[in-house]
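Text of entry.cif, listed as mmCIF, C-alpha atoms:
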```cif
data_model
#
loop_
_atom_site.label_atom_id
_atom_site.label_comp_id
_atom_site.auth_asym_id
_atom_site.auth_seq_id
_atom_site.Cartn_x
_atom_site.Cartn_y
_atom_site.Cartn_z
CA MET C 1 -29.92 -195.38 -1.71
CA ALA C 2 -33.49 -194.75 -2.87
CA LYS C 3 -35.15 -197.14 -5.30
CA TYR C 4 -36.61 -194.33 -7.38
CA ARG C 5 -36.38 -190.57 -7.93
CA LYS C 6 -39.10 -188.42 -6.38
CA LEU C 7 -38.81 -185.70 -9.06
CA GLY C 8 -40.00 -183.04 -6.61
CA ARG C 9 -43.62 -184.21 -6.79
CA THR C 10 -46.19 -186.00 -4.68
CA SER C 11 -46.69 -189.69 -5.42
CA ASP C 12 -49.90 -189.28 -7.45
CA GLN C 13 -48.39 -186.47 -9.55
CA ARG C 14 -45.21 -188.51 -10.08
CA LYS C 15 -47.14 -191.62 -11.17
CA ALA C 16 -49.26 -189.56 -13.58
CA LEU C 17 -46.16 -187.90 -15.05
CA ILE C 18 -44.41 -191.24 -15.59
CA ARG C 19 -47.54 -192.85 -17.09
CA ASN C 20 -47.97 -189.91 -19.44
CA GLN C 21 -44.36 -189.96 -20.59
CA VAL C 22 -44.26 -193.75 -21.02
CA THR C 23 -47.41 -193.57 -23.16
CA ALA C 24 -45.91 -190.77 -25.27
CA LEU C 25 -42.63 -192.68 -25.68
CA LEU C 26 -44.33 -195.88 -26.86
CA TYR C 27 -46.75 -193.99 -29.13
CA HIS C 28 -44.28 -191.55 -30.73
CA GLY C 29 -41.03 -193.50 -30.37
CA LYS C 30 -39.14 -190.63 -28.72
CA ILE C 31 -39.62 -187.81 -26.22
CA VAL C 32 -37.55 -184.87 -24.97
CA THR C 33 -37.41 -184.54 -21.18
CA THR C 34 -34.99 -183.99 -18.30
CA GLU C 35 -32.38 -186.60 -17.46
CA ALA C 36 -33.90 -187.62 -14.11
CA LYS C 37 -37.37 -188.08 -15.62
CA ALA C 38 -35.91 -190.02 -18.55
CA LYS C 39 -34.18 -192.50 -16.24
CA GLU C 40 -37.45 -193.15 -14.37
CA VAL C 41 -39.49 -193.45 -17.58
CA ARG C 42 -36.90 -195.82 -19.04
CA LYS C 43 -37.42 -198.32 -16.19
CA VAL C 44 -41.15 -198.53 -16.73
CA ALA C 45 -41.00 -198.53 -20.55
CA GLU C 46 -38.42 -201.30 -20.73
CA GLY C 47 -40.50 -203.44 -18.39
CA LEU C 48 -43.56 -203.02 -20.63
CA ILE C 49 -41.57 -203.82 -23.78
CA ALA C 50 -40.09 -206.93 -22.13
CA MET C 51 -43.61 -208.02 -21.19
CA GLY C 52 -44.72 -207.47 -24.79
CA ILE C 53 -41.82 -209.55 -26.12
CA ARG C 54 -42.65 -212.41 -23.75
CA GLU C 55 -46.30 -212.54 -24.86
CA LYS C 56 -46.12 -211.38 -28.50
CA ASP C 57 -46.96 -214.80 -30.03
CA ASN C 58 -49.35 -215.94 -27.31
CA PHE C 59 -52.68 -215.71 -29.18
CA GLU C 60 -54.90 -217.80 -31.43
CA GLU C 61 -56.65 -216.79 -34.64
CA VAL C 62 -60.41 -217.30 -34.53
CA THR C 63 -62.88 -216.93 -37.40
CA VAL C 64 -66.10 -215.15 -36.46
CA MET C 65 -69.15 -213.95 -38.34
CA ALA C 66 -69.50 -210.17 -38.19
CA LYS C 67 -72.28 -207.83 -39.29
CA VAL C 68 -70.94 -205.10 -41.57
CA PRO C 69 -73.13 -202.22 -42.80
CA ARG C 70 -73.80 -202.29 -46.54
CA LYS C 71 -72.43 -199.16 -48.26
CA ASP C 72 -73.05 -197.49 -51.61
CA LYS C 73 -70.46 -196.18 -54.07
CA ASP C 74 -69.99 -192.96 -52.01
CA GLY C 75 -69.24 -194.92 -48.83
CA LYS C 76 -72.55 -194.06 -47.15
CA ARG C 77 -74.73 -196.68 -45.47
CA VAL C 78 -77.56 -198.16 -47.54
CA LYS C 79 -80.92 -197.69 -45.80
CA GLU C 80 -84.29 -199.26 -46.54
CA VAL C 81 -87.70 -198.34 -45.20
CA ILE C 82 -89.13 -201.11 -42.99
CA ASP C 83 -92.39 -200.48 -41.08
CA GLY C 84 -92.10 -196.75 -41.80
CA LYS C 85 -88.57 -196.45 -40.38
CA LYS C 86 -85.27 -196.10 -42.21
CA VAL C 87 -83.07 -199.03 -41.22
CA SER C 88 -79.44 -199.68 -42.22
CA MET C 89 -78.85 -202.90 -44.15
CA TYR C 90 -76.14 -205.28 -42.91
CA ASP C 91 -74.16 -208.10 -44.55
CA GLU C 92 -72.62 -211.00 -42.65
CA VAL C 93 -68.90 -211.46 -43.29
CA GLU C 94 -66.29 -213.88 -41.95
CA ARG C 95 -63.48 -212.15 -40.06
CA LYS C 96 -60.31 -213.48 -38.49
CA ILE C 97 -59.54 -211.99 -35.10
CA LYS C 98 -56.72 -212.50 -32.61
CA LYS C 99 -57.91 -214.01 -29.36
CA ASP C 100 -55.50 -213.49 -26.47
CA LEU C 101 -54.57 -216.52 -24.41
CA PRO C 102 -54.81 -216.00 -20.62
CA SER C 103 -51.19 -214.96 -20.03
CA ARG C 104 -51.25 -212.41 -22.88
CA LEU C 105 -54.58 -211.05 -21.63
CA HIS C 106 -53.03 -210.60 -18.20
CA ALA C 107 -50.03 -208.82 -19.76
CA ARG C 108 -52.38 -206.54 -21.74
CA ARG C 109 -54.25 -205.62 -18.55
CA GLN C 110 -50.97 -204.94 -16.74
CA MET C 111 -49.93 -202.63 -19.61
CA ASN C 112 -53.28 -200.83 -19.57
CA ARG C 113 -52.75 -200.12 -15.85
CA VAL C 114 -49.77 -197.98 -16.86
CA LEU C 115 -50.67 -196.66 -20.31
CA TYR C 116 -53.17 -193.85 -20.88
CA PRO C 117 -55.67 -194.09 -23.76
CA VAL C 118 -54.51 -192.21 -26.87
CA THR C 119 -56.84 -190.49 -29.33
CA PHE C 120 -55.50 -189.74 -32.81
CA VAL C 121 -56.90 -186.55 -34.38
CA PRO C 122 -56.11 -185.92 -38.06
CA ALA C 123 -54.43 -182.54 -38.71
CA GLU C 124 -57.20 -181.28 -41.01
CA ASN C 125 -59.85 -181.97 -38.34
CA ALA C 126 -58.09 -180.39 -35.37
CA GLY C 127 -60.60 -179.47 -32.69
CA ARG C 128 -63.35 -181.72 -34.07
CA LYS C 129 -64.53 -185.14 -32.96
CA ARG C 130 -65.08 -186.41 -36.48
CA ASN C 131 -62.61 -189.03 -37.78
CA THR C 132 -60.82 -189.32 -34.44
CA LYS C 133 -59.53 -192.80 -33.61
CA LYS C 134 -58.75 -194.44 -30.31
CA ILE C 135 -55.28 -195.98 -30.51
CA ASP C 136 -54.57 -199.10 -28.45
CA VAL C 137 -50.97 -198.55 -27.32
CA ALA C 138 -50.80 -202.02 -25.72
CA ASN C 139 -51.67 -203.50 -29.11
CA LYS C 140 -48.91 -201.40 -30.67
CA VAL C 141 -46.44 -202.84 -28.16
CA PHE C 142 -47.47 -206.42 -29.03
CA ASP C 143 -47.71 -205.99 -32.83
CA GLU C 144 -45.03 -203.42 -33.74
CA ILE C 145 -42.53 -202.86 -30.94
CA ALA C 146 -42.12 -206.41 -29.55
CA PRO C 147 -41.26 -208.13 -32.87
CA LYS C 148 -38.63 -205.44 -33.51
CA TYR C 149 -36.81 -206.24 -30.24
CA ALA C 150 -37.47 -210.01 -30.09
CA GLY C 151 -33.81 -211.03 -30.40
CA ARG C 152 -32.57 -208.42 -27.94
CA ASN C 153 -31.90 -208.93 -24.22
CA GLY C 154 -32.87 -205.58 -22.72
CA GLY C 155 -31.65 -202.12 -23.64
CA TYR C 156 -34.67 -201.12 -25.71
CA THR C 157 -34.27 -197.38 -25.08
CA ARG C 158 -31.47 -194.87 -25.54
CA ILE C 159 -30.80 -191.61 -23.71
CA VAL C 160 -29.00 -188.93 -25.76
CA LYS C 161 -27.99 -185.73 -23.97
CA ILE C 162 -29.12 -182.59 -25.81
CA GLY C 163 -27.90 -179.78 -23.55
CA GLN C 164 -29.22 -177.42 -20.94
CA ARG C 165 -32.70 -175.97 -21.09
CA LYS C 166 -32.76 -172.21 -21.57
CA GLY C 167 -35.28 -171.43 -18.82
CA ASP C 168 -33.88 -173.21 -15.76
CA GLY C 169 -30.67 -174.82 -16.96
CA ALA C 170 -31.92 -178.40 -16.46
CA LEU C 171 -30.09 -181.01 -18.54
CA GLU C 172 -32.41 -182.11 -21.36
CA VAL C 173 -32.18 -185.50 -23.02
CA LEU C 174 -33.79 -187.32 -25.94
CA LEU C 175 -35.27 -190.63 -24.79
CA GLU C 176 -35.94 -192.86 -27.79
CA LEU C 177 -36.60 -196.46 -28.69
CA VAL C 178 -33.46 -198.03 -30.16
#
```
How does this structure look as structure tokens?
Amino acid sequence: MAKYRKLGRTSDQRKALIRNQVTALLYHGKIVTTEAKAKEVRKVAEGLIAMGIREKDNFEEVTVMAKVPRKDKDGKRVKEVIDGKKVSMYDEVERKIKKDLPSRLHARRQMNRVLYPVTFVPAENAGRKRNTKKIDVANKVFDEIAPKYAGRNGGYTRIVKIGQRKGDGALEVLLELV
């Protein structure tokens, strides 16, 4: 018996498809796909969630000094003229950041090998670059998904059969995080 389904694609297409669907599942919480694809995506997604659970508390809080631009009441940067040039003014602030310990850093890099980068675009700015944000899906796994499943031994996803697709009759399923 084969160890994985080929899904009628070449290996690079298959890997890209699985990466894309795993990223969408972890970002949105659920996806609709065919049964065969869902079973392959489930394997990868559950492995990433298990890795996140193992390393979720493996960090230390560090206080650093950060430069933050000074802003006026409208939220715009305050600028002063120095040597004939307009220069933004900065304040130094103490910030607490999470510093990954080596095993968590390794887990984050393993996750980023599988997950694609996600860019969030607000609905009112569709088609524009302004106010877009890069979402770190690996961070979402560590901070949101892993604590939710900490007391659970596997079985982080559920496959619910929806019915046959109208176009080709393939069995569609809803793959969601439990």
For Val64 (chain C), please output as a PDB file with C-alpha atoms, in the frame of the given file all residues within 8 Å (counting all atoms listed in the file; exclusion window: fewer than 5 positions along the same chain).
```
ATOM      1  CA  GLU C  94     -66.290-213.880 -41.950  1.00  0.00           C
ATOM      2  CA  ARG C  95     -63.480-212.150 -40.060  1.00  0.00           C
ATOM      3  CA  LYS C  96     -60.310-213.480 -38.490  1.00  0.00           C
ATOM      4  CA  ILE C  97     -59.540-211.990 -35.100  1.00  0.00           C
TER       5      ILE C  97
END
```
Self-check item: Non-local contacts of Gln110 (chain C) (10 Å; only C-alpha atoms; under 4 positions in same chain excluded) as a PyMOL selection string
Solution: chain C and resi 48+51+104-106+114-115+138
Saved selection, atoms kept: C-alpha atoms, as a PDB file, keeping the file's coordinate frame:
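Output file result-v2.pdb follows:
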```pdb
ATOM      1  CA  LEU C  48     -43.560-203.020 -20.630  1.00  0.00           C
ATOM      2  CA  MET C  51     -43.610-208.020 -21.190  1.00  0.00           C
ATOM      3  CA  ARG C 104     -51.250-212.410 -22.880  1.00  0.00           C
ATOM      4  CA  LEU C 105     -54.580-211.050 -21.630  1.00  0.00           C
ATOM      5  CA  HIS C 106     -53.030-210.600 -18.200  1.00  0.00           C
ATOM      6  CA  VAL C 114     -49.770-197.980 -16.860  1.00  0.00           C
ATOM      7  CA  LEU C 115     -50.670-196.660 -20.310  1.00  0.00           C
ATOM      8  CA  ALA C 138     -50.800-202.020 -25.720  1.00  0.00           C
TER       9      ALA C 138
END
```
Exercise. Would you mind listing what lies within 9 Å of Met89 (chain C) as a ChimeraX atom specification, with only C-alpha atoms counted and same-chain residues fewer than 3 positions away left out?
Key: /C:68-71,77-80
Quiz item: If we count all atoms listed in the file, what is near region 52-59 of chain C at a cut-off of 10 Å, once residues fewer than 4 positions away on the same chain are taken out, given as a ChimeraX atom specification?
Solution: /C:46-48,97-108,111,138-152
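You can rank C:Val137, C:Ala50, C:Ala2, C:Ala24 by their closest distance to Gly154 (chain C) using only C-alpha atoms, and at the top of that list sits C:Ala50.
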Quiz item: Between CA of His28 (chain C) and CA of Asn125 (chain C), what is the spacing in Å?
Solution: 19.8 Å
Would you mind listing what lies within 12 Å of Lys129 (chain C) as a compact mmCIF listing (two decimals) with C-alpha atoms, in the frame of the given file, with all atoms listed in the file counted and same-chain residues fewer than 6 positions away left out?
```txt
# COMPACT_ATOMS: atom_id res chain seq x y z
CA THR C 119 -56.84 -190.49 -29.33
CA PHE C 120 -55.50 -189.74 -32.81
CA VAL C 121 -56.90 -186.55 -34.38
CA PRO C 122 -56.11 -185.92 -38.06
CA ALA C 123 -54.43 -182.54 -38.71
```
